[in-house]
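Asker: File name final_2.cif; file contents mmCIF, C-alpha atoms and all ligand atoms; full text below.
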```
data_query
loop_
_atom_site.label_atom_id
_atom_site.label_comp_id
_atom_site.auth_asym_id
_atom_site.auth_seq_id
_atom_site.Cartn_x
_atom_site.Cartn_y
_atom_site.Cartn_z
CA MET A 466 12.41 -25.42 26.82
CA THR A 467 9.74 -23.65 28.80
CA PHE A 468 8.67 -21.28 26.06
CA PRO A 469 4.97 -21.60 25.25
CA VAL A 470 3.38 -23.22 22.21
CA ILE A 471 0.48 -21.24 20.76
CA GLY A 472 -2.05 -22.76 18.38
CA VAL A 473 -4.05 -20.55 15.99
CA VAL A 474 -7.22 -21.96 14.49
CA GLY A 475 -7.40 -20.69 10.92
CA GLY A 476 -4.59 -19.97 8.49
CA GLY A 477 -5.43 -16.55 7.08
CA GLN A 478 -3.26 -13.45 7.04
CA LEU A 479 -3.95 -12.68 10.70
CA ALA A 480 -2.41 -15.99 11.79
CA ARG A 481 0.44 -15.37 9.35
CA MET A 482 1.20 -11.96 10.87
CA MET A 483 1.26 -13.42 14.40
CA ALA A 484 4.25 -15.54 13.35
CA PRO A 485 6.99 -12.86 13.38
CA ALA A 486 5.78 -11.65 16.78
CA ALA A 487 5.91 -15.20 18.15
CA THR A 488 9.36 -15.78 16.66
CA ALA A 489 10.74 -12.57 18.17
CA LEU A 490 9.61 -13.58 21.65
CA GLY A 491 10.79 -17.18 21.25
CA PHE A 492 7.31 -18.74 21.18
CA GLU A 493 6.29 -21.57 18.89
CA LEU A 494 3.24 -20.79 16.75
CA ARG A 495 1.24 -23.58 15.12
CA VAL A 496 -1.66 -23.13 12.77
CA LEU A 497 -4.70 -25.31 12.08
CA ALA A 498 -4.95 -24.61 8.36
CA GLU A 499 -8.02 -24.98 6.15
CA ALA A 500 -5.85 -26.13 3.23
CA GLU A 501 -2.21 -26.40 2.25
CA ASP A 502 -2.20 -23.16 0.30
CA VAL A 503 -3.63 -20.74 2.90
CA SER A 504 -1.72 -17.63 3.88
CA ALA A 505 -0.17 -18.67 7.24
CA VAL A 506 1.17 -22.09 6.22
CA SER A 507 4.43 -20.79 4.79
CA ALA A 508 5.08 -18.67 7.91
CA VAL A 509 5.14 -21.44 10.53
CA ALA A 510 6.90 -24.80 10.92
CA LYS A 511 3.78 -26.77 11.89
CA ALA A 512 0.49 -26.22 10.10
CA PRO A 513 -1.64 -29.37 10.13
CA ILE A 514 -4.67 -29.30 7.84
CA GLY A 515 -7.97 -29.59 9.65
CA ASP A 516 -11.60 -28.56 9.73
CA TYR A 517 -12.46 -26.10 12.52
CA THR A 518 -16.09 -27.26 12.46
CA ASP A 519 -14.96 -30.80 13.43
CA LEU A 520 -14.39 -31.17 17.17
CA ASP A 521 -12.05 -34.13 16.70
CA HIS A 522 -9.77 -32.04 14.49
CA LEU A 523 -9.74 -29.27 17.10
CA LEU A 524 -8.95 -31.72 19.92
CA GLU A 525 -6.16 -33.31 17.91
CA PHE A 526 -4.71 -29.86 17.17
CA SER A 527 -4.92 -28.86 20.85
CA ARG A 528 -2.42 -31.53 21.96
CA GLY A 529 0.79 -29.96 23.19
CA LEU A 530 -0.55 -26.39 23.05
CA ASP A 531 -0.27 -24.00 25.99
CA VAL A 532 -2.98 -21.77 24.55
CA MET A 533 -5.38 -21.88 21.62
CA THR A 534 -6.50 -18.74 19.79
CA PHE A 535 -8.11 -17.81 16.48
CA ASP A 536 -7.60 -16.22 13.09
CA HIS A 537 -11.38 -15.85 12.67
CA GLU A 538 -14.55 -16.02 14.75
CA HIS A 539 -16.27 -19.01 13.16
CA VAL A 540 -15.49 -21.88 15.54
CA PRO A 541 -18.85 -23.08 16.94
CA THR A 542 -19.50 -22.12 20.57
CA ALA A 543 -20.31 -25.74 21.53
CA HIS A 544 -16.88 -26.86 20.26
CA LEU A 545 -15.16 -24.16 22.32
CA ARG A 546 -16.99 -25.36 25.42
CA SER A 547 -15.96 -28.96 24.71
CA LEU A 548 -12.33 -27.88 24.29
CA ILE A 549 -12.40 -26.09 27.63
CA ALA A 550 -14.01 -29.13 29.27
CA ALA A 551 -11.12 -31.17 27.86
CA GLY A 552 -8.67 -28.82 29.61
CA VAL A 553 -7.66 -26.65 26.63
CA ASN A 554 -6.73 -23.04 27.44
CA VAL A 555 -8.89 -21.14 24.92
CA HIS A 556 -8.61 -17.34 24.40
CA PRO A 557 -10.85 -15.56 23.82
CA GLY A 558 -13.38 -17.82 25.53
CA PRO A 559 -16.82 -18.69 24.15
CA ASP A 560 -18.85 -16.33 26.36
CA ALA A 561 -16.87 -13.34 25.13
CA LEU A 562 -16.51 -14.54 21.56
CA VAL A 563 -20.23 -15.00 20.97
CA ASN A 564 -20.51 -11.19 21.01
CA ALA A 565 -18.28 -11.06 17.94
CA GLN A 566 -19.99 -14.04 16.29
CA ASP A 567 -23.56 -12.88 16.63
CA LYS A 568 -24.52 -9.26 16.03
CA LEU A 569 -27.86 -9.65 17.82
CA VAL A 570 -26.09 -10.90 20.96
CA MET A 571 -23.63 -8.00 20.62
CA ARG A 572 -26.38 -5.33 20.27
CA ALA A 573 -28.11 -6.67 23.41
CA ALA A 574 -24.78 -6.63 25.32
CA ILE A 575 -24.06 -3.02 24.30
CA ASP A 576 -27.55 -2.03 25.50
CA ARG A 577 -26.93 -3.84 28.79
CA LEU A 578 -23.68 -1.90 29.28
CA GLU A 579 -25.60 1.31 28.44
CA LEU A 580 -23.10 2.17 25.72
CA PRO A 581 -24.27 3.96 22.56
CA ASN A 582 -26.00 1.67 20.04
CA PRO A 583 -27.80 2.80 16.90
CA ARG A 584 -31.53 2.05 17.02
CA TRP A 585 -31.89 -1.66 16.32
CA ALA A 586 -34.31 -4.58 16.46
CA ALA A 587 -34.38 -8.29 15.81
CA VAL A 588 -36.76 -8.73 12.87
CA ALA A 589 -38.20 -12.15 12.06
CA ASP A 590 -39.72 -11.44 8.63
CA VAL A 591 -40.41 -8.80 5.99
CA ALA A 592 -43.43 -7.48 7.92
CA GLU A 593 -41.33 -6.83 11.01
CA LEU A 594 -38.64 -5.19 8.86
CA ILE A 595 -41.27 -2.85 7.40
CA ALA A 596 -42.60 -2.06 10.88
CA PHE A 597 -39.05 -1.20 12.05
CA GLY A 598 -38.45 1.00 8.99
CA GLU A 599 -41.76 2.84 9.38
CA ASP A 600 -40.95 3.48 13.03
CA THR A 601 -37.25 4.41 12.69
CA GLY A 602 -37.33 5.93 9.22
CA TRP A 603 -35.89 4.64 5.94
CA PRO A 604 -33.34 3.60 4.83
CA VAL A 605 -32.65 0.74 7.18
CA VAL A 606 -29.50 -1.41 7.35
CA LEU A 607 -30.35 -5.12 7.39
CA LYS A 608 -27.70 -7.54 8.62
CA MET A 609 -27.18 -11.27 8.86
CA PRO A 610 -26.37 -11.67 12.56
CA ARG A 611 -23.87 -14.46 11.87
CA GLY A 612 -21.34 -15.30 9.20
CA GLY A 613 -20.95 -11.86 7.56
CA TYR A 614 -17.58 -10.30 6.75
CA ASP A 615 -16.27 -7.49 4.56
CA GLY A 616 -19.79 -6.13 4.13
CA LYS A 617 -21.17 -9.47 2.90
CA GLY A 618 -24.28 -9.94 4.98
CA VAL A 619 -25.06 -6.20 5.08
CA ARG A 620 -27.77 -4.71 2.90
CA ILE A 621 -29.40 -1.30 2.72
CA VAL A 622 -33.17 -1.37 2.45
CA GLY A 623 -34.36 1.94 1.04
CA SER A 624 -38.10 1.76 1.58
CA ALA A 625 -41.06 -0.41 2.54
CA ASP A 626 -41.44 -1.26 -1.17
CA GLU A 627 -37.87 -2.60 -1.28
CA ALA A 628 -38.25 -4.65 1.91
CA GLY A 629 -39.80 -7.61 0.06
CA GLU A 630 -36.51 -8.12 -1.83
CA SER A 631 -34.99 -9.35 1.43
CA ALA A 632 -37.34 -12.34 1.73
CA ASP A 633 -34.47 -14.62 0.59
CA TRP A 634 -32.37 -13.53 3.56
CA PHE A 635 -35.15 -14.36 6.01
CA HIS A 636 -35.36 -17.84 4.44
CA ALA A 637 -31.63 -18.30 5.06
CA MET A 638 -31.64 -16.94 8.64
CA SER A 639 -34.20 -15.52 11.06
CA PRO A 640 -34.32 -13.28 12.96
CA LEU A 641 -32.08 -10.75 11.22
CA LEU A 642 -30.70 -7.52 12.69
CA ALA A 643 -32.27 -4.26 11.52
CA GLU A 644 -30.49 -1.00 12.32
CA ALA A 645 -31.14 2.65 11.67
CA LYS A 646 -28.81 3.88 8.92
CA VAL A 647 -26.41 6.07 10.85
CA ASP A 648 -25.49 9.44 9.39
CA PHE A 649 -21.85 9.30 10.46
CA SER A 650 -19.04 11.76 9.65
CA ARG A 651 -16.41 9.00 9.57
CA GLU A 652 -15.82 5.49 10.83
CA LEU A 653 -13.48 4.93 13.74
CA SER A 654 -11.93 1.93 15.42
CA ALA A 655 -10.96 1.61 19.07
CA MET A 656 -8.61 -1.28 19.71
CA VAL A 657 -7.79 -2.74 23.06
CA ALA A 658 -6.05 -5.79 24.51
CA ARG A 659 -6.95 -7.53 27.74
CA THR A 660 -5.31 -10.34 29.70
CA PRO A 661 -7.11 -13.09 31.65
CA ASP A 662 -5.96 -11.36 34.87
CA GLY A 663 -7.67 -8.18 33.70
CA GLU A 664 -4.87 -5.86 32.58
CA SER A 665 -6.01 -3.87 29.56
CA ARG A 666 -4.42 -1.34 27.23
CA ALA A 667 -5.96 0.62 24.39
CA TRP A 668 -4.37 2.12 21.28
CA PRO A 669 -5.42 5.60 20.26
CA VAL A 670 -8.68 5.67 18.30
CA VAL A 671 -8.11 5.55 14.54
CA HIS A 672 -10.02 6.71 11.45
CA THR A 673 -11.00 3.87 9.12
CA ILE A 674 -12.15 4.22 5.53
CA GLN A 675 -14.29 1.46 4.01
CA VAL A 676 -14.83 1.01 0.27
CA ASP A 677 -17.69 -1.29 -0.74
CA GLY A 678 -17.86 -2.55 2.86
CA VAL A 679 -14.15 -3.46 2.92
CA CYS A 680 -11.51 -1.68 5.02
CA ASP A 681 -9.39 0.31 2.56
CA GLU A 682 -7.34 2.76 4.59
CA VAL A 683 -6.62 3.61 8.22
CA ILE A 684 -5.28 6.89 9.61
CA ALA A 685 -3.80 6.75 13.11
CA PRO A 686 -4.66 8.58 15.23
CA ALA A 687 -8.09 9.85 14.11
CA LEU A 688 -7.15 13.48 13.43
CA ASP A 689 -9.12 16.35 14.94
CA ILE A 690 -11.27 14.10 17.07
CA PRO A 691 -12.39 15.94 20.23
CA VAL A 692 -10.27 14.67 23.14
CA GLU A 693 -13.34 13.78 25.17
CA VAL A 694 -14.80 11.73 22.31
CA ALA A 695 -11.51 9.87 21.82
CA ALA A 696 -11.28 9.22 25.55
CA ALA A 697 -14.90 8.04 25.75
CA ALA A 698 -14.38 5.68 22.80
CA GLU A 699 -11.22 4.20 24.33
CA ASN A 700 -12.97 3.84 27.68
CA ALA A 701 -15.91 2.14 25.98
CA ALA A 702 -13.53 -0.38 24.39
CA VAL A 703 -11.85 -1.10 27.73
CA ARG A 704 -15.22 -1.41 29.42
CA ILE A 705 -16.57 -3.82 26.80
CA ALA A 706 -13.41 -5.93 27.10
CA THR A 707 -13.69 -5.99 30.88
CA GLU A 708 -17.43 -6.60 31.19
CA LEU A 709 -17.57 -9.25 28.46
CA GLY A 710 -14.42 -10.97 29.75
CA VAL A 711 -12.53 -10.54 26.47
CA THR A 712 -8.99 -11.93 26.34
CA GLY A 713 -6.58 -11.02 23.56
CA VAL A 714 -7.07 -8.16 21.16
CA MET A 715 -10.47 -6.66 20.33
CA ALA A 716 -11.50 -4.03 17.78
CA VAL A 717 -14.58 -1.91 18.44
CA GLU A 718 -15.82 -0.45 15.15
CA LEU A 719 -17.49 2.93 15.67
CA PHE A 720 -19.48 5.54 13.77
CA GLU A 721 -18.50 9.12 14.59
CA THR A 722 -21.58 11.31 15.11
CA PRO A 723 -20.34 14.82 15.95
CA GLY A 724 -22.55 16.67 18.41
CA VAL A 725 -24.97 13.77 18.80
CA GLY A 726 -24.97 11.86 22.09
CA ALA A 727 -21.50 10.66 23.10
CA GLY A 728 -20.18 11.64 19.65
CA PHE A 729 -20.07 8.02 18.49
CA LEU A 730 -22.15 4.87 18.14
CA ILE A 731 -20.88 1.31 18.28
CA ASN A 732 -20.99 -0.67 15.03
CA GLU A 733 -19.52 -4.07 15.87
CA LEU A 734 -16.86 -6.03 17.74
CA ALA A 735 -14.04 -8.22 16.44
CA MET A 736 -12.15 -10.38 18.95
CA ARG A 737 -8.83 -10.95 17.23
CA PRO A 738 -6.27 -8.78 15.51
CA HIS A 739 -8.15 -6.64 13.00
CA ASN A 740 -7.50 -4.90 9.69
CA THR A 741 -7.94 -1.53 11.43
CA GLY A 742 -4.98 -2.44 13.67
CA HIS A 743 -2.45 -3.37 10.96
CA TRP A 744 -0.87 0.10 11.24
CA THR A 745 0.49 -0.94 14.67
CA GLN A 746 3.03 -3.28 13.00
CA ASP A 747 5.16 -0.32 11.96
CA GLY A 748 3.50 2.59 13.75
CA SER A 749 3.17 1.55 17.40
CA VAL A 750 5.64 0.45 20.08
CA THR A 751 3.69 -2.83 20.29
CA SER A 752 1.95 -4.34 17.28
CA GLN A 753 -1.52 -5.81 17.68
CA PHE A 754 -0.09 -9.25 16.81
CA GLU A 755 2.50 -9.17 19.59
CA GLN A 756 -0.07 -7.71 22.00
CA HIS A 757 -2.53 -10.49 21.19
CA LEU A 758 0.07 -13.15 22.03
CA ARG A 759 1.11 -11.37 25.23
CA ALA A 760 -2.52 -11.00 26.28
CA ILE A 761 -3.57 -14.62 25.72
CA LEU A 762 -0.46 -15.79 27.60
CA ASN A 763 -1.37 -13.50 30.51
CA LEU A 764 1.90 -11.59 30.13
CA PRO A 765 2.28 -7.86 30.86
CA LEU A 766 1.01 -5.83 27.91
CA GLY A 767 3.24 -3.62 25.78
CA ALA A 768 3.15 0.15 25.34
CA THR A 769 0.69 1.35 22.69
CA ASP A 770 2.27 4.72 21.86
CA LEU A 771 2.59 5.79 18.24
CA LEU A 772 6.03 5.92 16.61
CA GLY A 773 5.21 9.14 14.76
CA PRO A 774 2.56 11.86 14.71
CA VAL A 775 0.60 10.09 11.97
CA VAL A 776 0.56 6.57 10.57
CA VAL A 777 -1.31 5.45 7.45
CA MET A 778 -2.23 1.90 6.47
CA LYS A 779 -3.41 1.29 2.90
CA ASN A 780 -4.77 -2.10 1.85
CA PHE A 781 -4.25 -3.56 -1.56
CA LEU A 782 -6.81 -5.94 -2.99
CA GLY A 783 -6.36 -8.32 -5.89
CA GLY A 784 -6.29 -6.36 -9.18
CA GLU A 785 -4.81 -6.74 -12.65
CA ASN A 786 -1.31 -7.63 -11.49
CA GLN A 787 -0.89 -11.37 -10.95
CA ASP A 788 2.87 -11.17 -10.35
CA LEU A 789 3.08 -8.93 -7.30
CA PHE A 790 6.84 -9.24 -6.89
CA SER A 791 7.43 -7.87 -10.39
CA ALA A 792 6.11 -4.54 -9.09
CA TYR A 793 8.38 -4.41 -6.05
CA PRO A 794 11.31 -2.54 -7.66
CA ALA A 795 9.03 0.34 -8.69
CA ALA A 796 6.92 0.23 -5.50
CA LEU A 797 9.83 0.16 -3.06
CA ALA A 798 11.74 2.84 -4.96
CA TRP A 799 8.71 5.13 -4.89
CA GLU A 800 8.70 5.46 -1.12
CA PRO A 801 11.67 4.04 0.81
CA ALA A 802 9.91 4.64 4.16
CA ALA A 803 6.94 2.44 3.20
CA LYS A 804 6.62 -0.99 4.79
CA VAL A 805 4.99 -3.54 2.51
CA HIS A 806 3.16 -6.53 3.98
CA CYS A 807 2.18 -9.22 1.51
CA TYR A 808 0.00 -12.16 2.56
CA GLY A 809 1.27 -14.81 0.13
CA LYS A 810 -2.26 -15.33 -1.24
CA ALA A 811 -3.30 -16.05 -4.80
CA VAL A 812 -4.42 -12.84 -6.50
CA ARG A 813 -8.17 -12.74 -7.03
CA PRO A 814 -10.22 -9.62 -7.75
CA GLY A 815 -11.30 -7.86 -4.56
CA ARG A 816 -9.46 -10.24 -2.23
CA LYS A 817 -7.31 -8.74 0.54
CA ILE A 818 -3.72 -9.64 -0.45
CA GLY A 819 -1.56 -7.13 1.39
CA HIS A 820 -1.14 -3.66 2.84
CA VAL A 821 1.32 -0.79 3.08
CA ASN A 822 2.19 1.05 6.30
CA LEU A 823 3.78 4.48 6.29
CA VAL A 824 4.75 6.61 9.31
CA GLY A 825 4.68 10.36 8.66
CA ASP A 826 6.65 13.15 10.33
CA SER A 827 3.82 15.60 10.89
CA ALA A 828 0.08 15.31 11.23
CA ALA A 829 -0.20 18.39 8.99
CA GLY A 830 1.31 16.36 6.18
CA VAL A 831 -1.28 13.60 6.38
CA ALA A 832 -2.46 14.14 2.80
CA THR A 833 1.07 13.47 1.52
CA VAL A 834 1.49 10.40 3.71
CA ARG A 835 -1.83 9.04 2.44
CA SER A 836 -1.02 9.66 -1.21
CA ARG A 837 2.39 8.02 -0.89
CA ALA A 838 1.05 4.94 0.85
CA THR A 839 -1.68 4.76 -1.80
CA ALA A 840 0.85 5.12 -4.62
CA VAL A 841 2.91 2.20 -3.33
CA ALA A 842 -0.22 0.03 -2.91
CA ASP A 843 -1.43 1.00 -6.42
CA ILE A 844 1.89 0.10 -8.04
CA ILE A 845 1.73 -3.37 -6.52
CA ARG A 846 -1.96 -3.85 -7.28
CA THR A 847 -1.84 -2.70 -10.90
CA GLY A 848 1.74 -3.64 -11.76
CA ARG A 849 2.13 -0.21 -13.33
CA PRO A 850 4.63 2.36 -12.10
CA GLN A 851 3.11 5.74 -11.28
CA ALA A 852 3.38 8.43 -13.95
CA GLY A 853 6.52 10.53 -13.56
CA ALA A 854 9.56 9.77 -11.49
CA ALA A 855 9.54 8.79 -7.85
CA PRO A 856 9.38 11.93 -5.74
CA GLU A 857 12.61 13.17 -4.17
CA THR A 858 12.91 12.52 -0.46
CA SER A 859 10.76 15.20 1.09
CA GLN A 860 10.16 16.41 4.59
CA GLU A 861 7.89 13.49 5.47
CA THR A 862 10.63 10.96 4.92
CA ALA A 863 13.76 13.03 5.49
N1 LIG B 1 -26.21 1.04 10.88
C1 LIG B 1 -25.40 1.45 9.90
N2 LIG B 1 -25.49 2.70 9.41
C2 LIG B 1 -24.70 3.12 8.41
N3 LIG B 1 -23.75 2.37 7.82
C3 LIG B 1 -23.59 1.11 8.26
C4 LIG B 1 -24.40 0.58 9.34
N4 LIG B 1 -24.00 -0.67 9.57
C5 LIG B 1 -23.00 -0.94 8.71
N5 LIG B 1 -22.75 0.12 7.90
C6 LIG B 1 -21.70 0.19 6.87
O1 LIG B 1 -21.44 -1.12 6.36
C7 LIG B 1 -20.10 -1.54 6.70
C8 LIG B 1 -20.09 -3.02 7.04
O2 LIG B 1 -20.93 -3.26 8.17
P1 LIG B 1 -20.48 -4.28 9.32
O3 LIG B 1 -19.23 -3.79 9.93
O4 LIG B 1 -21.62 -4.49 10.25
O5 LIG B 1 -20.32 -5.58 8.44
P2 LIG B 1 -19.25 -6.74 8.36
O6 LIG B 1 -19.46 -7.42 7.06
O7 LIG B 1 -19.34 -7.52 9.60
O8 LIG B 1 -17.92 -5.95 8.32
P3 LIG B 1 -16.43 -6.40 8.53
O9 LIG B 1 -15.78 -6.11 7.21
O10 LIG B 1 -15.98 -5.45 9.59
O11 LIG B 1 -16.43 -7.83 8.91
C9 LIG B 1 -19.70 -0.64 7.85
O12 LIG B 1 -18.30 -0.54 7.97
C10 LIG B 1 -20.39 0.67 7.46
O13 LIG B 1 -19.64 1.33 6.45
MG MG B 2 -17.42 -4.22 10.23
#
```
Rewrite the coordinates I just gave you, this time as structure tokens.
Ligand SMILES: Nc1ncnc2c1ncn2[C@@H]1O[C@H](COP(=O)(O)OP(=O)(O)OP(=O)(O)O)[C@@H](O)[C@H]1O
Ligand SMILES: [Mg+2]

Answerer:
Amino acid sequence: MTFPVIGVVGGGQLARMMAPAATALGFELRVLAEAEDVSAVSAVAKAPIGDYTDLDHLLEFSRGLDVMTFDHEHVPTAHLRSLIAAGVNVHPGPDALVNAQDKLVMRAAIDRLELPNPRWAAVADVAELIAFGEDTGWPVVLKMPRGGYDGKGVRIVGSADEAGESADWFHAMSPLLAEAKVDFSRELSAMVARTPDGESRAWPVVHTIQVDGVCDEVIAPALDIPVEVAAAAENAAVRIATELGVTGVMAVELFETPGVGAGFLINELAMRPHNTGHWTQDGSVTSQFEQHLRAILNLPLGATDLLGPVVVMKNFLGGENQDLFSAYPAALAWEPAAKVHCYGKAVRPGRKIGHVNLVGDSAAGVATVRSRATAVADIIRTGRPQAGAAPETSQETA
């Protein structure tokens, strides 16, 4: 057998969703799991338990792999360098990945590339935070440069009087990242994949909706975005991938700022499949999970065209319903065109446990597509069928 063996560090839903793509192409996917009950374990044949902060565990896991990649961005840079020194083929590599691990490093890189950043500064203490706020104007967004996710590690500081409340954060980490609070019209995501040889392909820019700092819904493509803004955002993503030497899939989170500068500012980078790319599983010729595997194996990349004029992805977080499967009859009957993706995770309030993808027939009908995807997600989350009967097949699904 000459088919490659791919190892994913981390056993979350992203690793889990790489498994069907690997299986389809005949690759073996292994996962270094944090525990026996994490999401990806039931999707692959080999999922040894190990600690990604322990170099010995990483080296042990690397044996027999053709390439090592990641479900998350938390493997220490020094460990990645040691793995490479030991001959492991690691993608993305440490010099690229640090830009997704450390928001201060990322802001400096975006400045260097002369791409549009919000106003920002590294602030070492409350006094420097106040100085930044007085200069830039309040409110200010204060961020932990490392370790944040789903809005944890992001705080809005309304005024100089409020700045003192962030003293605890400066004790935990210093310097922190201070940013101007951007007055955006919507949030966007530009996703791209790049191979070690330098081939890159972008998906169309999408509209992402966050609730309480967590991705809730994605609409692909971002409707009514000026063509030049969409093109500039896609070009920026390709340029970042190229200049930073990114391999695999990367998401560039953006703030849309109509009529101001380039029409967008860069929020942050993620160097792995991303929640804002889940729509590609059912709505693009090539899913982000397949593209990630192709990219890290230095294979030709797949087409990124949409499979319909509009695609909606709706997340469902842990809610009242503990028995998700009990809701499937009602959820699947409600919208036969919906594709449900469930992560096999224990239901806990606010935890990402699955999502629904729905391809629509016309961009004009986006409101209907959104409400149907949302209805299916709500039925699963709450365990309660929607009021009234399931709608008859309408033009979106006919
Ligand atoms: N400078 C800013 N101006 C306005 N809103 C912001 C700013 N920075 C962040 N936000 C809001 O907070 C959300 C979370 O911020 P950010 O993406 O930096 O954090 P995160 O915890 O790393 O997120 P993720 O869930 O993508 O891991 C953003 O999606 C946006 O809604
Ligand atoms: Mg983010």

Asker: Using all atoms listed in the file, pick whichever of A:Met638, A:Val676, A:Ala625, A:Ala512 has the shortest atom-to-atom distance to A:Gly602.

Answerer: A:Ala625

Asker: If you count only C-alpha atoms and all ligand atoms, which residues end up within 10 Å of ligand MG 2 (chain B), as a ChimeraX atom specification?

Answerer: /A:613-617,619,652,654,675,678-680,716-719,732-735,739-741

Asker: Can you spit out the residues from that selection as a short mmCIF file (atom, residue, chain, number, x, y, z; two decimals), keeping the file's coordinate frame, using C-alpha atoms?

Answerer:
```
data_model
loop_
_atom_site.label_atom_id
_atom_site.label_comp_id
_atom_site.auth_asym_id
_atom_site.auth_seq_id
_atom_site.Cartn_x
_atom_site.Cartn_y
_atom_site.Cartn_z
CA GLY A 613 -20.95 -11.86 7.56
CA TYR A 614 -17.58 -10.30 6.75
CA ASP A 615 -16.27 -7.49 4.56
CA GLY A 616 -19.79 -6.13 4.13
CA LYS A 617 -21.17 -9.47 2.90
CA VAL A 619 -25.06 -6.20 5.08
CA GLU A 652 -15.82 5.49 10.83
CA SER A 654 -11.93 1.93 15.42
CA GLN A 675 -14.29 1.46 4.01
CA GLY A 678 -17.86 -2.55 2.86
CA VAL A 679 -14.15 -3.46 2.92
CA CYS A 680 -11.51 -1.68 5.02
CA ALA A 716 -11.50 -4.03 17.78
CA VAL A 717 -14.58 -1.91 18.44
CA GLU A 718 -15.82 -0.45 15.15
CA LEU A 719 -17.49 2.93 15.67
CA ASN A 732 -20.99 -0.67 15.03
CA GLU A 733 -19.52 -4.07 15.87
CA LEU A 734 -16.86 -6.03 17.74
CA ALA A 735 -14.04 -8.22 16.44
CA HIS A 739 -8.15 -6.64 13.00
CA ASN A 740 -7.50 -4.90 9.69
CA THR A 741 -7.94 -1.53 11.43
#
```

Asker: Restricting the calculation to all atoms listed in the file, which member of A:Pro686, A:Gly612, A:Pro814, A:Gly825 is positioned closest to ligand LIG 1 (chain B)?

Answerer: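 Comparing A:Pro686, A:Gly612, A:Pro814, A:Gly825 against ligand LIG 1 (chain B), the winner is A:Gly612.
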
Asker: Which residues come within 8 Å of A:Asp560, counting all atoms listed in the file, excluding same-chain residues fewer than 4 positions away, as a ChimeraX atom specification?

Answerer: /A:564,709-710

Asker: Could you check which of A:Gly742, A:Pro469, A:Pro583, A:Gly515 is closest to ligand LIG 1 (chain B), using all atoms listed in the file?

Answerer: A:Pro583

Asker: For a test of reading the model, state the distance in Å between atom CA of A:Leu479 and atom CA of A:Pro581, rounded to one decimal.

Answerer: 28.8 Å

Asker: Hey, what's within 8 Å of stretch 661-671 of chain A if we count all atoms listed in the file and toss same-chain stuff fewer than 2 positions away? As a ChimeraX atom specification, please?

Answerer: /A:653-659,673,683-687,695,698-699,702-703,707,710-712,741,760-761,763,765-766,768-770

Asker: Please rebuild stretch 596-607 of chain A with N, CA and C atoms and give the result as a PDB file, in the coordinates of the input.

Answerer:
```
ATOM      1  N   ALA A 596     -42.163  -2.764   9.659  1.00  0.00           N
ATOM      2  CA  ALA A 596     -42.600  -2.060  10.880  1.00  0.00           C
ATOM      3  C   ALA A 596     -41.441  -1.282  11.487  1.00  0.00           C
ATOM      4  N   PHE A 597     -40.233  -1.884  11.495  1.00  0.00           N
ATOM      5  CA  PHE A 597     -39.050  -1.200  12.050  1.00  0.00           C
ATOM      6  C   PHE A 597     -38.725   0.045  11.206  1.00  0.00           C
ATOM      7  N   GLY A 598     -38.776  -0.122   9.880  1.00  0.00           N
ATOM      8  CA  GLY A 598     -38.450   1.000   8.990  1.00  0.00           C
ATOM      9  C   GLY A 598     -39.441   2.139   9.117  1.00  0.00           C
ATOM     10  N   GLU A 599     -40.725   1.800   9.249  1.00  0.00           N
ATOM     11  CA  GLU A 599     -41.760   2.840   9.380  1.00  0.00           C
ATOM     12  C   GLU A 599     -41.556   3.608  10.684  1.00  0.00           C
ATOM     13  N   ASP A 600     -41.122   2.887  11.708  1.00  0.00           N
ATOM     14  CA  ASP A 600     -40.950   3.480  13.030  1.00  0.00           C
ATOM     15  C   ASP A 600     -39.657   4.325  13.106  1.00  0.00           C
ATOM     16  N   THR A 601     -38.562   3.783  12.552  1.00  0.00           N
ATOM     17  CA  THR A 601     -37.250   4.410  12.690  1.00  0.00           C
ATOM     18  C   THR A 601     -36.974   5.389  11.561  1.00  0.00           C
ATOM     19  N   GLY A 602     -37.594   5.146  10.423  1.00  0.00           N
ATOM     20  CA  GLY A 602     -37.330   5.930   9.220  1.00  0.00           C
ATOM     21  C   GLY A 602     -36.427   5.145   8.278  1.00  0.00           C
ATOM     22  N   TRP A 603     -36.690   5.308   6.964  1.00  0.00           N
ATOM     23  CA  TRP A 603     -35.890   4.640   5.940  1.00  0.00           C
ATOM     24  C   TRP A 603     -34.733   5.536   5.559  1.00  0.00           C
ATOM     25  N   PRO A 604     -33.640   5.026   5.013  1.00  0.00           N
ATOM     26  CA  PRO A 604     -33.340   3.600   4.830  1.00  0.00           C
ATOM     27  C   PRO A 604     -32.938   2.922   6.126  1.00  0.00           C
ATOM     28  N   VAL A 605     -33.004   1.579   6.047  1.00  0.00           N
ATOM     29  CA  VAL A 605     -32.650   0.740   7.180  1.00  0.00           C
ATOM     30  C   VAL A 605     -31.490  -0.162   6.732  1.00  0.00           C
ATOM     31  N   VAL A 606     -30.582  -0.467   7.654  1.00  0.00           N
ATOM     32  CA  VAL A 606     -29.500  -1.410   7.350  1.00  0.00           C
ATOM     33  C   VAL A 606     -29.900  -2.776   7.898  1.00  0.00           C
ATOM     34  N   LEU A 607     -29.952  -3.761   7.001  1.00  0.00           N
ATOM     35  CA  LEU A 607     -30.350  -5.120   7.390  1.00  0.00           C
ATOM     36  C   LEU A 607     -29.103  -5.999   7.399  1.00  0.00           C
TER      37      LEU A 607
END
```
